[in-house]
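A.B. asks: Handing over work-v8.txt, compact mmCIF, C-alpha atoms.
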# COMPACT_ATOMS: atom_id res chain seq x y z
CA MET X 1 -30.61 -1.56 -85.85
CA ALA X 2 -28.01 -1.62 -83.12
CA ASP X 3 -26.68 1.74 -82.15
CA GLU X 4 -23.04 2.61 -82.78
CA ALA X 5 -22.41 3.34 -79.12
CA LEU X 6 -23.18 -0.29 -78.35
CA PHE X 7 -20.56 -1.55 -80.76
CA LEU X 8 -17.91 0.84 -79.47
CA LEU X 9 -18.59 -0.13 -75.87
CA LEU X 10 -18.68 -3.82 -76.74
CA HIS X 11 -15.38 -3.59 -78.59
CA ASN X 12 -13.66 -1.77 -75.73
CA GLU X 13 -15.00 -4.22 -73.19
CA MET X 14 -13.86 -7.14 -75.34
CA VAL X 15 -10.33 -5.75 -75.34
CA ALA X 16 -10.42 -5.00 -71.62
CA GLY X 17 -12.06 -8.30 -70.74
CA LEU X 18 -9.61 -10.42 -72.68
CA TYR X 19 -6.59 -8.75 -71.13
CA ARG X 20 -8.12 -8.90 -67.69
CA ALA X 21 -8.74 -12.64 -68.02
CA ALA X 22 -5.20 -13.19 -69.27
CA GLU X 23 -3.74 -11.31 -66.30
CA GLN X 24 -5.79 -13.32 -63.86
CA GLY X 25 -4.79 -16.54 -65.54
CA GLU X 26 -8.36 -17.48 -66.35
CA GLY X 27 -9.17 -19.35 -69.48
CA GLU X 28 -6.49 -19.74 -72.09
CA ASN X 29 -3.44 -17.67 -71.40
CA GLY X 30 -1.98 -14.96 -73.55
CA ARG X 31 -2.48 -14.45 -77.24
CA CYS X 32 -5.00 -11.70 -76.63
CA THR X 33 -4.12 -9.83 -79.76
CA THR X 34 -4.42 -13.00 -81.81
CA LYS X 35 -7.85 -13.68 -80.37
CA LEU X 36 -9.05 -10.17 -81.10
CA GLU X 37 -7.71 -10.41 -84.63
CA SER X 38 -9.46 -13.75 -85.20
CA MET X 39 -12.73 -12.35 -83.92
CA GLY X 40 -12.37 -9.44 -86.29
CA PHE X 41 -11.64 -11.86 -89.09
CA ARG X 42 -14.89 -13.77 -88.59
CA VAL X 43 -16.87 -10.58 -88.39
CA GLY X 44 -15.19 -9.15 -91.49
CA GLN X 45 -16.07 -12.25 -93.46
CA GLY X 46 -19.69 -12.11 -92.36
CA LEU X 47 -20.04 -8.41 -93.03
CA ILE X 48 -18.59 -8.49 -96.52
CA GLU X 49 -20.86 -11.36 -97.41
CA ARG X 50 -23.90 -9.22 -96.59
CA PHE X 51 -22.61 -6.03 -98.13
CA THR X 52 -21.69 -7.43 -101.48
CA LYS X 53 -24.62 -9.74 -102.07
CA ASP X 54 -26.16 -7.41 -104.58
CA THR X 55 -23.19 -5.50 -105.94
CA ALA X 56 -21.47 -6.11 -109.25
CA ARG X 57 -18.15 -7.91 -109.31
CA PHE X 58 -15.13 -5.81 -108.57
CA LYS X 59 -12.89 -4.91 -111.51
CA ASP X 60 -9.59 -5.52 -109.79
CA GLU X 61 -7.72 -5.45 -106.52
CA LEU X 62 -7.55 -1.66 -106.41
CA ASP X 63 -11.31 -1.53 -106.86
CA ILE X 64 -11.69 -3.80 -103.87
CA MET X 65 -9.36 -1.70 -101.75
CA LYS X 66 -11.29 1.43 -102.67
CA PHE X 67 -14.49 -0.32 -101.61
CA ILE X 68 -12.89 -1.13 -98.27
CA CYS X 69 -11.80 2.47 -97.88
CA LYS X 70 -15.17 3.96 -98.73
CA ASP X 71 -18.28 1.82 -98.30
CA PHE X 72 -16.91 -0.70 -95.85
CA TRP X 73 -15.15 1.83 -93.66
CA THR X 74 -18.17 4.15 -93.69
CA THR X 75 -20.50 1.42 -92.57
CA VAL X 76 -18.27 0.27 -89.78
CA PHE X 77 -16.67 3.55 -88.70
CA LYS X 78 -19.03 6.20 -90.05
CA LYS X 79 -16.38 7.84 -92.19
CA GLN X 80 -14.12 7.03 -95.09
CA ILE X 81 -10.45 6.32 -94.97
CA ASP X 82 -8.64 9.63 -95.29
CA ASN X 83 -5.78 8.47 -97.41
CA LEU X 84 -5.01 5.38 -99.49
CA ARG X 85 -1.54 4.76 -100.86
CA THR X 86 -0.23 1.81 -102.80
CA ASN X 87 2.89 0.62 -104.50
CA HIS X 88 0.72 -1.15 -107.08
CA GLN X 89 2.45 -4.36 -106.13
CA GLY X 90 0.12 -5.58 -103.45
CA ILE X 91 0.90 -3.21 -100.60
CA TYR X 92 -1.73 -0.74 -99.51
CA VAL X 93 -1.56 1.81 -96.74
CA LEU X 94 -4.83 3.07 -95.34
CA GLN X 95 -4.77 6.11 -93.15
CA ASP X 96 -7.54 7.17 -90.83
CA ASN X 97 -6.83 10.46 -89.06
CA LYS X 98 -9.63 10.12 -86.59
CA PHE X 99 -9.97 6.42 -86.00
CA ARG X 100 -13.21 5.92 -84.18
CA LEU X 101 -12.00 3.25 -81.84
CA LEU X 102 -9.26 5.55 -80.57
CA THR X 103 -10.96 8.94 -80.40
CA GLN X 104 -12.23 8.27 -76.90
CA MET X 105 -8.78 7.38 -75.64
CA SER X 106 -6.65 10.41 -76.09
CA ALA X 107 -5.34 13.00 -78.50
CA GLY X 108 -1.61 12.80 -78.83
CA LYS X 109 0.82 10.43 -77.22
CA GLN X 110 -0.96 9.46 -74.02
CA TYR X 111 -1.84 5.74 -73.79
CA LEU X 112 0.02 5.11 -77.05
CA GLU X 113 1.29 1.78 -75.78
CA HIS X 114 -2.28 0.55 -75.42
CA ALA X 115 -3.32 1.50 -78.91
CA PRO X 116 -2.32 -1.78 -80.62
CA LYS X 117 -4.85 -3.68 -78.50
CA TYR X 118 -7.55 -1.52 -79.98
CA LEU X 119 -6.44 -2.10 -83.54
CA ALA X 120 -6.23 -5.89 -83.55
CA PHE X 121 -9.93 -6.45 -84.12
CA THR X 122 -9.99 -3.98 -86.99
CA CYS X 123 -6.99 -5.59 -88.67
CA GLY X 124 -8.87 -8.87 -88.54
CA LEU X 125 -11.97 -7.16 -89.87
CA ILE X 126 -10.10 -6.00 -92.96
CA ARG X 127 -8.33 -9.33 -93.42
CA GLY X 128 -11.65 -11.17 -93.11
CA GLY X 129 -13.37 -8.87 -95.57
CA LEU X 130 -10.59 -9.24 -98.10
CA SER X 131 -10.51 -12.98 -97.57
CA ASN X 132 -14.14 -13.33 -98.60
CA LEU X 133 -13.39 -11.26 -101.68
CA GLY X 134 -10.68 -13.70 -102.70
CA ILE X 135 -7.68 -11.81 -101.38
CA LYS X 136 -5.26 -13.33 -98.94
CA SER X 137 -3.54 -10.63 -96.96
CA ILE X 138 -1.55 -9.70 -93.93
CA VAL X 139 -2.89 -6.64 -92.19
CA THR X 140 -0.95 -4.68 -89.64
CA ALA X 141 -1.59 -1.32 -88.06
CA GLU X 142 0.33 1.40 -86.35
CA VAL X 143 -0.43 4.50 -84.39
CA SER X 144 2.10 7.26 -84.05
CA SER X 145 -0.25 9.80 -82.56
CA MET X 146 -3.80 9.32 -81.36
CA PRO X 147 -6.34 9.12 -82.80
CA ALA X 148 -4.77 8.63 -86.22
CA SER X 149 -4.11 5.08 -87.31
CA THR X 150 -2.45 3.60 -90.34
CA THR X 151 -3.25 0.15 -91.61
CA HIS X 152 -0.96 -1.76 -93.91
CA SER X 153 -2.50 -4.40 -96.05
CA CYS X 154 -0.16 -6.68 -97.87
CA ASN X 155 -2.19 -8.54 -100.47
CA GLU X 156 -1.42 -11.68 -102.30
CA CYS X 157 -4.16 -12.21 -104.80
CA VAL X 158 -5.75 -15.62 -104.82
CA GLN X 159 -7.24 -16.32 -108.21
CA GLU X 160 -10.87 -17.27 -108.09
CA ASP X 161 -12.15 -19.70 -110.64
CA ASP X 162 -14.48 -17.81 -112.93
CA MET D 1 -27.67 0.14 -102.92
CA LEU D 2 -25.92 -1.89 -100.32
CA GLY D 3 -28.73 -1.96 -97.79
CA SER D 4 -29.42 0.76 -95.27
CA PRO D 5 -26.51 1.82 -93.07
CA ASP D 6 -28.55 1.18 -89.93
CA ARG D 7 -29.13 -2.39 -90.84
CA ARG D 8 -25.52 -3.07 -91.66
CA ASN D 9 -24.42 -1.49 -88.42
CA SER D 10 -26.75 -3.77 -86.54
CA GLU D 11 -25.13 -6.69 -88.27
CA LEU D 12 -21.74 -5.43 -87.15
CA PHE D 13 -22.85 -5.56 -83.54
CA THR D 14 -24.62 -8.90 -83.91
CA LEU D 15 -21.68 -10.48 -85.69
CA THR D 16 -19.18 -9.07 -83.20
CA TYR D 17 -21.26 -10.33 -80.31
CA GLY D 18 -21.39 -13.75 -81.93
CA ALA D 19 -17.63 -13.80 -82.36
CA LEU D 20 -17.24 -12.86 -78.70
CA VAL D 21 -19.51 -15.64 -77.45
CA THR D 22 -17.72 -18.13 -79.70
CA GLN D 23 -14.34 -17.04 -78.34
CA LEU D 24 -15.55 -17.25 -74.74
CA CYS D 25 -16.85 -20.76 -75.34
CA LYS D 26 -13.36 -21.71 -76.48
CA ASP D 27 -11.68 -20.00 -73.53
CA TYR D 28 -13.89 -21.32 -70.76
CA GLU D 29 -14.61 -24.94 -70.17
CA ASN D 30 -18.22 -24.74 -69.19
CA ASP D 31 -21.30 -22.72 -70.05
CA GLU D 32 -21.71 -21.38 -66.54
CA ASP D 33 -18.36 -19.63 -66.72
CA VAL D 34 -19.22 -18.15 -70.10
CA ASN D 35 -22.54 -16.91 -68.71
CA LYS D 36 -20.73 -15.27 -65.80
CA GLN D 37 -18.20 -13.64 -68.07
CA LEU D 38 -20.94 -12.30 -70.34
CA ASP D 39 -22.75 -10.90 -67.33
CA LYS D 40 -19.58 -9.25 -66.03
CA MET D 41 -18.77 -7.71 -69.40
CA GLY D 42 -22.35 -6.57 -69.75
CA TYR D 43 -22.15 -4.92 -66.36
CA ASN D 44 -19.04 -3.01 -67.38
CA ILE D 45 -20.74 -1.89 -70.56
CA GLY D 46 -23.90 -0.93 -68.70
CA VAL D 47 -22.15 1.39 -66.27
CA ARG D 48 -20.83 3.36 -69.24
CA LEU D 49 -23.85 3.04 -71.47
CA ILE D 50 -26.06 4.79 -68.93
CA GLU D 51 -24.08 8.01 -69.40
CA ASP D 52 -24.59 7.88 -73.14
CA PHE D 53 -28.26 7.13 -72.58
CA LEU D 54 -28.88 9.95 -70.13
CA ALA D 55 -27.05 12.40 -72.36
CA ARG D 56 -29.01 11.50 -75.46
CA SER D 57 -32.45 10.69 -74.19
CA ASN D 58 -33.23 13.64 -71.94
CA VAL D 59 -35.11 11.35 -69.62
CA GLY D 60 -35.58 12.70 -66.12
CA ARG D 61 -35.47 10.81 -62.86
CA CYS D 62 -37.91 7.90 -62.68
CA HIS D 63 -40.25 8.03 -59.71
CA ASP D 64 -41.03 4.37 -59.49
CA PHE D 65 -40.24 1.02 -60.99
CA ARG D 66 -43.11 1.23 -63.46
CA GLU D 67 -41.66 4.38 -64.97
CA THR D 68 -38.28 2.69 -65.09
CA ALA D 69 -39.79 -0.23 -66.97
CA ASP D 70 -41.34 2.12 -69.52
CA VAL D 71 -38.11 3.97 -70.07
CA ILE D 72 -36.17 0.75 -70.50
CA ALA D 73 -38.59 -0.79 -72.97
CA LYS D 74 -39.75 2.19 -74.96
CA ILE D 75 -36.70 4.41 -75.00
CA ALA D 76 -33.54 2.48 -74.16
CA PHE D 77 -34.22 -0.71 -76.08
CA LYS D 78 -35.48 1.33 -79.01
CA MET D 79 -32.44 3.58 -79.01
CA TYR D 80 -29.84 0.87 -78.75
CA LEU D 81 -31.34 -2.20 -80.33
CA GLY D 82 -34.14 -0.80 -82.44
CA ILE D 83 -36.82 -2.92 -80.79
CA THR D 84 -39.55 -2.18 -78.27
CA PRO D 85 -40.18 -5.10 -75.94
CA SER D 86 -43.55 -5.28 -74.26
CA ILE D 87 -43.88 -5.09 -70.50
CA THR D 88 -45.96 -7.77 -68.81
CA ASN D 89 -46.37 -9.95 -65.73
CA TRP D 90 -46.10 -7.35 -63.04
CA SER D 91 -45.82 -8.82 -59.57
CA PRO D 92 -48.53 -7.75 -57.11
CA GLY D 93 -46.01 -5.65 -55.21
CA GLY D 94 -44.92 -3.84 -58.38
CA ASP D 95 -41.30 -4.86 -57.92
CA GLU D 96 -40.96 -7.39 -60.70
CA PHE D 97 -41.88 -7.40 -64.37
CA SER D 98 -41.05 -9.11 -67.62
CA LEU D 99 -39.81 -7.73 -70.88
CA ILE D 100 -41.03 -9.75 -73.82
CA LEU D 101 -38.91 -9.57 -76.94
CA GLU D 102 -40.65 -10.90 -80.04
CA ASN D 103 -37.31 -10.98 -81.74
CA ASN D 104 -33.88 -10.56 -80.27
CA PRO D 105 -31.43 -8.85 -82.62
CA LEU D 106 -28.48 -10.52 -80.91
CA VAL D 107 -29.55 -13.92 -82.10
CA ASP D 108 -29.98 -13.23 -85.81
CA PHE D 109 -28.19 -15.99 -87.65
CA VAL D 110 -27.49 -17.90 -84.41
CA GLU D 111 -28.18 -21.50 -83.52
CA LEU D 112 -27.08 -23.05 -80.27
CA PRO D 113 -25.15 -26.28 -80.77
CA ASP D 114 -26.32 -29.26 -78.68
CA ASN D 115 -23.36 -29.25 -76.33
CA HIS D 116 -24.12 -25.75 -75.07
CA SER D 117 -27.57 -26.22 -73.64
CA SER D 118 -26.81 -24.20 -70.49
CA LEU D 119 -25.39 -21.27 -72.36
CA ILE D 120 -27.38 -18.09 -71.92
CA TYR D 121 -26.36 -16.62 -75.23
CA SER D 122 -27.64 -13.08 -74.65
CA ASN D 123 -26.55 -12.88 -71.04
CA LEU D 124 -24.63 -9.69 -71.81
CA LEU D 125 -27.99 -7.90 -71.82
CA CYS D 126 -28.66 -8.87 -68.21
CA GLY D 127 -25.34 -7.41 -67.14
CA VAL D 128 -25.93 -4.24 -69.14
CA LEU D 129 -29.30 -3.63 -67.51
CA ARG D 130 -27.95 -4.39 -64.06
CA GLY D 131 -24.91 -2.12 -64.49
CA ALA D 132 -26.86 0.74 -65.99
CA LEU D 133 -29.51 0.71 -63.28
CA GLU D 134 -26.92 0.52 -60.54
CA MET D 135 -25.56 3.83 -61.76
CA VAL D 136 -28.95 5.37 -61.17
CA GLN D 137 -29.13 3.98 -57.66
CA MET D 138 -31.17 0.85 -58.32
CA ALA D 139 -30.05 -2.64 -57.43
CA VAL D 140 -31.88 -5.10 -59.66
CA ASP D 141 -31.79 -8.73 -60.53
CA VAL D 142 -32.09 -9.53 -64.24
CA LYS D 143 -32.41 -12.89 -65.86
CA PHE D 144 -33.70 -14.67 -68.93
CA VAL D 145 -36.69 -16.90 -68.31
CA GLN D 146 -37.54 -17.71 -71.90
CA ASP D 147 -35.24 -17.79 -74.91
CA THR D 148 -36.13 -18.31 -78.57
CA LEU D 149 -32.72 -19.90 -79.01
CA LYS D 150 -33.85 -22.68 -76.72
CA GLY D 151 -37.09 -23.23 -78.55
CA ASP D 152 -39.36 -20.87 -76.64
CA SER D 153 -41.74 -18.79 -78.69
CA VAL D 154 -40.51 -15.51 -77.27
CA THR D 155 -37.57 -14.20 -75.33
CA GLU D 156 -38.52 -13.09 -71.83
CA ILE D 157 -36.31 -11.13 -69.47
CA ARG D 158 -37.44 -10.91 -65.85
CA MET D 159 -36.41 -7.82 -63.90
CA LYS D 160 -36.72 -7.58 -60.13
CA PHE D 161 -36.17 -4.51 -58.05
CA ILE D 162 -34.08 -5.33 -54.98
CA ARG D 163 -33.36 -2.04 -53.30
CA ARG D 164 -32.40 1.55 -53.70
CA ILE D 165 -28.64 2.12 -53.47
CA GLU D 166 -27.89 4.95 -51.09
CA ASP D 167 -24.14 5.08 -51.58
CA ASN D 168 -22.68 7.00 -54.47
CA LEU D 169 -20.03 4.34 -55.01
CA PRO D 170 -20.81 1.43 -57.31
CA ALA D 171 -21.26 -1.77 -55.35
CA GLY D 172 -20.51 -4.27 -58.05
CA GLU D 173 -17.30 -5.80 -59.32
CA GLU D 174 -15.34 -4.23 -62.19
Here is a file; write its structure as structure tokens.

C.D. replies:
Amino acid sequence: MADEALFLLLHNEMVAGLYRAAEQGEGENGRCTTKLESMGFRVGQGLIERFTKDTARFKDELDIMKFICKDFWTTVFKKQIDNLRTNHQGIYVLQDNKFRLLTQMSAGKQYLEHAPKYLAFTCGLIRGGLSNLGIKSIVTAEVSSMPASTTHSCNECVQEDD
Amino acid sequence: MLGSPDRRNSELFTLTYGALVTQLCKDYENDEDVNKQLDKMGYNIGVRLIEDFLARSNVGRCHDFRETADVIAKIAFKMYLGITPSITNWSPGGDEFSLILENNPLVDFVELPDNHSSLIYSNLLCGVLRGALEMVQMAVDVKFVQDTLKGDSVTEIRMKFIRRIEDNLPAGEE
């Protein structure tokens, strides 16, 4: 049972460490955000696999997105998504008003330019989770004011063979 | 329902750590560099973790290294990783001991591939311990001497007290 503080510190150090290495020209250059997103993707896949082992099949895409907003988000971030909007054509907007990975940074506009680095992993997490549930998606995030973050998930359903 | 929240959270950390090690192995050409990077990152985490620990555990100042060992094994490891390593193999001078972990949560679901035999997978832990203790004025050396990932029956971490740090400024790299 790893404590939440450990994950938060690990995540922040991963972001800091990757950017530090890129600046110093160590290892492979650049593409830090891509790396963070890919790491999140792998973790999302693994997590969803464990969560949904014993649950019933989801009814539809909306059901899956609700699961992400409630159970998945609660497990990872200790709270649910505050607001879910959709155009019912594959685009979902998830809003978290107190995004846990940003609450330690600031309240308001300070450090806003750094916020995207702290969202990349989470975008991957969602994309990875959805991927293992049969949904191909593109996930982006934005922050207009800390610590609220909005994630856009653009889903293209991949039909699973039943 | 979906398994206890604590367990799933532990998987989040374990999986994230695994993704990190995998990424580092891609970024750095050899295991030694990965080990160093894990240690450095662990150090940075440790210097922050200690604040969280002191705030939540209400532990007072340790008077000697034996007390420190107890606090690390019975309180810190329990709080953060949910395990209680045993403390053994004290040196005659009382400045070195081993932590024995029957199971290491970081390595759930992990197998080391053959071409990474020098990788110290959990090396982050050494950095964390080193960084945290430095913040409470103790310079220590921490290393793995046994690792279940390498076929040993237990995981053993050896901790050696080097000296008391008199300065208030951290001595290590950032």

A.B. asks: Identify which of the residues X:Val43, X:Ser144, X:Lys53, X:Ser149 lies closest to Gly18 in chain D, counting all atoms listed in the file when measuring atom-to-atom distances.

C.D. replies: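 Closest to Gly18 in chain D of all the choices is X:Val43.
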
A.B. asks: From the options D:Met138, D:Asp108, D:Arg130, D:Arg158, which residue's atoms come nearest to Arg48 in chain D, counting all atoms listed in the file?

C.D. replies: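 Once distances to Arg48 in chain D are computed over all atoms listed in the file, the minimum belongs to D:Arg130.
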
A.B. asks: Figure out the distance between CA of Leu36 in chain X and CA of Ala21 in chain X, please, to one decimal in Å.

C.D. replies: 13.3 Å

A.B. asks: Under the rule that all atoms listed in the file are counted, which of D:Gly151, D:Gly82, D:Gly42, D:Pro105 is the nearest residue to chain X?

C.D. replies: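 The closest residue to chain X is D:Gly82.
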
A.B. asks: Residues at most 10 Å from range 93-108 of chain X, counting only C-alpha atoms, excluding those fewer than 3 positions away in the same chain, as a ChimeraX atom specification?

C.D. replies: /X:7-9,11-12,65-66,68-69,73,76-87,111-112,114-115,118-119,122,139-154

A.B. asks: So the first atom is CA of Gly124 in chain X and the second is CA of Phe41 in chain X; what is the distance between them in Å, to one decimal place?

C.D. replies: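 Computed distance, CA of Gly124 in chain X to CA of Phe41 in chain X, equals 4.1 Å.
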
A.B. asks: Name all residues at most 12 Å from Asn115 in chain D (count all atoms listed in the file; drop same-chain ones fewer than 5 positions away) and give them as a list in words.

C.D. replies: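 These residues fall inside the cut-off: Cys25, Glu29, Asn30 and Asp31 of chain D.
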
A.B. asks: Which of these residues is nearest to chain D, using all atoms listed in the file: X:Glu23, X:Thr55, X:Val15, X:Glu37?

C.D. replies: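 Of the candidates, the smallest distance to chain D is held by X:Thr55.
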
A.B. asks: Just need the residues of chain D within 10 Å of chain X, counting all atoms listed in the file, so spit them out as a CSV table (one decimal) with C-alpha atoms, keeping the file's coordinate frame.

C.D. replies:
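Ended up saving to selection28.csv:
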chain,number,residue,atom,x,y,z
D,1,MET,CA,-27.7,0.1,-102.9
D,2,LEU,CA,-25.9,-1.9,-100.3
D,3,GLY,CA,-28.7,-2.0,-97.8
D,4,SER,CA,-29.4,0.8,-95.3
D,5,PRO,CA,-26.5,1.8,-93.1
D,6,ASP,CA,-28.6,1.2,-89.9
D,7,ARG,CA,-29.1,-2.4,-90.8
D,8,ARG,CA,-25.5,-3.1,-91.7
D,9,ASN,CA,-24.4,-1.5,-88.4
D,10,SER,CA,-26.8,-3.8,-86.5
D,11,GLU,CA,-25.1,-6.7,-88.3
D,12,LEU,CA,-21.7,-5.4,-87.2
D,13,PHE,CA,-22.8,-5.6,-83.5
D,14,THR,CA,-24.6,-8.9,-83.9
D,15,LEU,CA,-21.7,-10.5,-85.7
D,16,THR,CA,-19.2,-9.1,-83.2
D,17,TYR,CA,-21.3,-10.3,-80.3
D,18,GLY,CA,-21.4,-13.8,-81.9
D,19,ALA,CA,-17.6,-13.8,-82.4
D,20,LEU,CA,-17.2,-12.9,-78.7
D,21,VAL,CA,-19.5,-15.6,-77.4
D,22,THR,CA,-17.7,-18.1,-79.7
D,23,GLN,CA,-14.3,-17.0,-78.3
D,24,LEU,CA,-15.6,-17.2,-74.7
D,25,CYS,CA,-16.8,-20.8,-75.3
D,26,LYS,CA,-13.4,-21.7,-76.5
D,27,ASP,CA,-11.7,-20.0,-73.5
D,28,TYR,CA,-13.9,-21.3,-70.8
D,29,GLU,CA,-14.6,-24.9,-70.2
D,33,ASP,CA,-18.4,-19.6,-66.7
D,37,GLN,CA,-18.2,-13.6,-68.1
D,38,LEU,CA,-20.9,-12.3,-70.3
D,40,LYS,CA,-19.6,-9.2,-66.0
D,41,MET,CA,-18.8,-7.7,-69.4
D,42,GLY,CA,-22.4,-6.6,-69.8
D,43,TYR,CA,-22.2,-4.9,-66.4
D,44,ASN,CA,-19.0,-3.0,-67.4
D,45,ILE,CA,-20.7,-1.9,-70.6
D,46,GLY,CA,-23.9,-0.9,-68.7
D,48,ARG,CA,-20.8,3.4,-69.2
D,49,LEU,CA,-23.8,3.0,-71.5
D,52,ASP,CA,-24.6,7.9,-73.1
D,53,PHE,CA,-28.3,7.1,-72.6
D,77,PHE,CA,-34.2,-0.7,-76.1
D,78,LYS,CA,-35.5,1.3,-79.0
D,79,MET,CA,-32.4,3.6,-79.0
D,80,TYR,CA,-29.8,0.9,-78.8
D,81,LEU,CA,-31.3,-2.2,-80.3
D,82,GLY,CA,-34.1,-0.8,-82.4
D,83,ILE,CA,-36.8,-2.9,-80.8
D,105,PRO,CA,-31.4,-8.8,-82.6
D,106,LEU,CA,-28.5,-10.5,-80.9
D,124,LEU,CA,-24.6,-9.7,-71.8

A.B. asks: Figure out the distance between CA of Thr34 in chain X and CA of Pro116 in chain X, please, to one decimal in Å.

C.D. replies: 11.5 Å

A.B. asks: Looking at all atoms listed in the file, which of D:Ser98, D:Asn58, D:Asn35, D:Thr68 is the one that sits closest to Leu133 in chain D?

C.D. replies: D:Thr68

A.B. asks: Let me have the centre and edge lengths in Å, one decimal, of the box along x, y and z around every listed atom of range 8-26 of chain D with 3 Å of margin on each side, as JSON.

C.D. replies:
{"center_x": -20.1, "center_y": -11.6, "center_z": -83.2, "size_x": 19.4, "size_y": 26.2, "size_z": 22.9}

A.B. asks: Find the residues around Glu61 in chain X up to 10 Å (all atoms listed in the file counted), leave out those fewer than 2 positions away in its own chain, and share them as an NGL selection string.

C.D. replies: :X and (58-59 or 63-67 or 88 or 90 or 130 or 133-135 or 155-157)

A.B. asks: Measuring atom to atom with only C-alpha atoms, identify which of D:Pro85, D:Asp64, D:Leu112, D:Glu96 is nearest to Lys143 in chain D.

C.D. replies: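 So, comparing all the options, the nearest one is D:Glu96.
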
A.B. asks: Skipping near chain neighbours, those fewer than 3 positions away, what residues fall within 10 Å of Val136 in chain D using all atoms listed in the file, listed as a PyMOL selection string?

C.D. replies: chain D and resi 47+50-51+61-62+131-133+139+164-165+168+170

A.B. asks: For Ala69 in chain D, list every protein, DNA or RNA residue within 12 Å, evaluated using all atoms listed in the file, and leave out those in the same chain fewer than 5 positions away; present the list as a count of residues only.

C.D. replies: 29

A.B. asks: For range 58-99 of chain D in the structure I just supplied, write out C-alpha atoms - as an mmCIF file, in the first residue's frame.

C.D. replies:
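Saved as part_13.cif:
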data_model
loop_
_atom_site.group_PDB
_atom_site.id
_atom_site.type_symbol
_atom_site.label_atom_id
_atom_site.label_comp_id
_atom_site.auth_asym_id
_atom_site.auth_seq_id
_atom_site.Cartn_x
_atom_site.Cartn_y
_atom_site.Cartn_z
ATOM 1 C CA ASN D 58 5.150 13.032 15.325
ATOM 2 C CA VAL D 59 8.478 11.347 15.802
ATOM 3 C CA GLY D 60 10.936 13.280 17.922
ATOM 4 C CA ARG D 61 14.664 13.593 17.473
ATOM 5 C CA CYS D 62 16.486 10.256 17.396
ATOM 6 C CA HIS D 63 19.277 9.960 19.931
ATOM 7 C CA ASP D 64 21.312 7.339 18.185
ATOM 8 C CA PHE D 65 21.512 5.263 15.052
ATOM 9 C CA ARG D 66 19.588 2.389 16.615
ATOM 10 C CA GLU D 67 16.603 4.629 17.206
ATOM 11 C CA THR D 68 16.923 5.896 13.659
ATOM 12 C CA ALA D 69 16.853 2.336 12.369
ATOM 13 C CA ASP D 70 13.683 1.609 14.336
ATOM 14 C CA VAL D 71 11.957 4.704 13.065
ATOM 15 C CA ILE D 72 12.895 3.940 9.480
ATOM 16 C CA ALA D 73 11.758 0.331 9.579
ATOM 17 C CA LYS D 74 8.731 0.489 11.821
ATOM 18 C CA ILE D 75 7.292 3.884 11.054
ATOM 19 C CA ALA D 76 8.581 5.254 7.761
ATOM 20 C CA PHE D 77 8.507 2.089 5.684
ATOM 21 C CA LYS D 78 5.125 1.222 7.148
ATOM 22 C CA MET D 79 3.705 4.643 6.416
ATOM 23 C CA TYR D 80 4.936 4.931 2.873
ATOM 24 C CA LEU D 81 5.189 1.417 1.551
ATOM 25 C CA GLY D 82 3.002 -0.554 3.914
ATOM 26 C CA ILE D 83 5.757 -2.971 4.898
ATOM 27 C CA THR D 84 7.910 -3.366 7.989
ATOM 28 C CA PRO D 85 11.406 -4.561 7.160
ATOM 29 C CA SER D 86 13.338 -6.283 9.908
ATOM 30 C CA ILE D 87 16.558 -4.835 11.239
ATOM 31 C CA THR D 88 19.550 -7.153 11.447
ATOM 32 C CA ASN D 89 23.318 -7.457 11.137
ATOM 33 C CA TRP D 90 24.393 -4.594 13.323
ATOM 34 C CA SER D 91 28.085 -3.839 13.076
ATOM 35 C CA PRO D 92 30.029 -4.041 16.355
ATOM 36 C CA GLY D 93 30.384 -0.265 16.395
ATOM 37 C CA GLY D 94 26.644 0.238 15.954
ATOM 38 C CA ASP D 95 27.116 2.319 12.821
ATOM 39 C CA GLU D 96 25.863 -0.117 10.214
ATOM 40 C CA PHE D 97 22.781 -2.283 9.922
ATOM 41 C CA SER D 98 20.672 -4.084 7.371
ATOM 42 C CA LEU D 99 17.034 -3.766 6.516
#
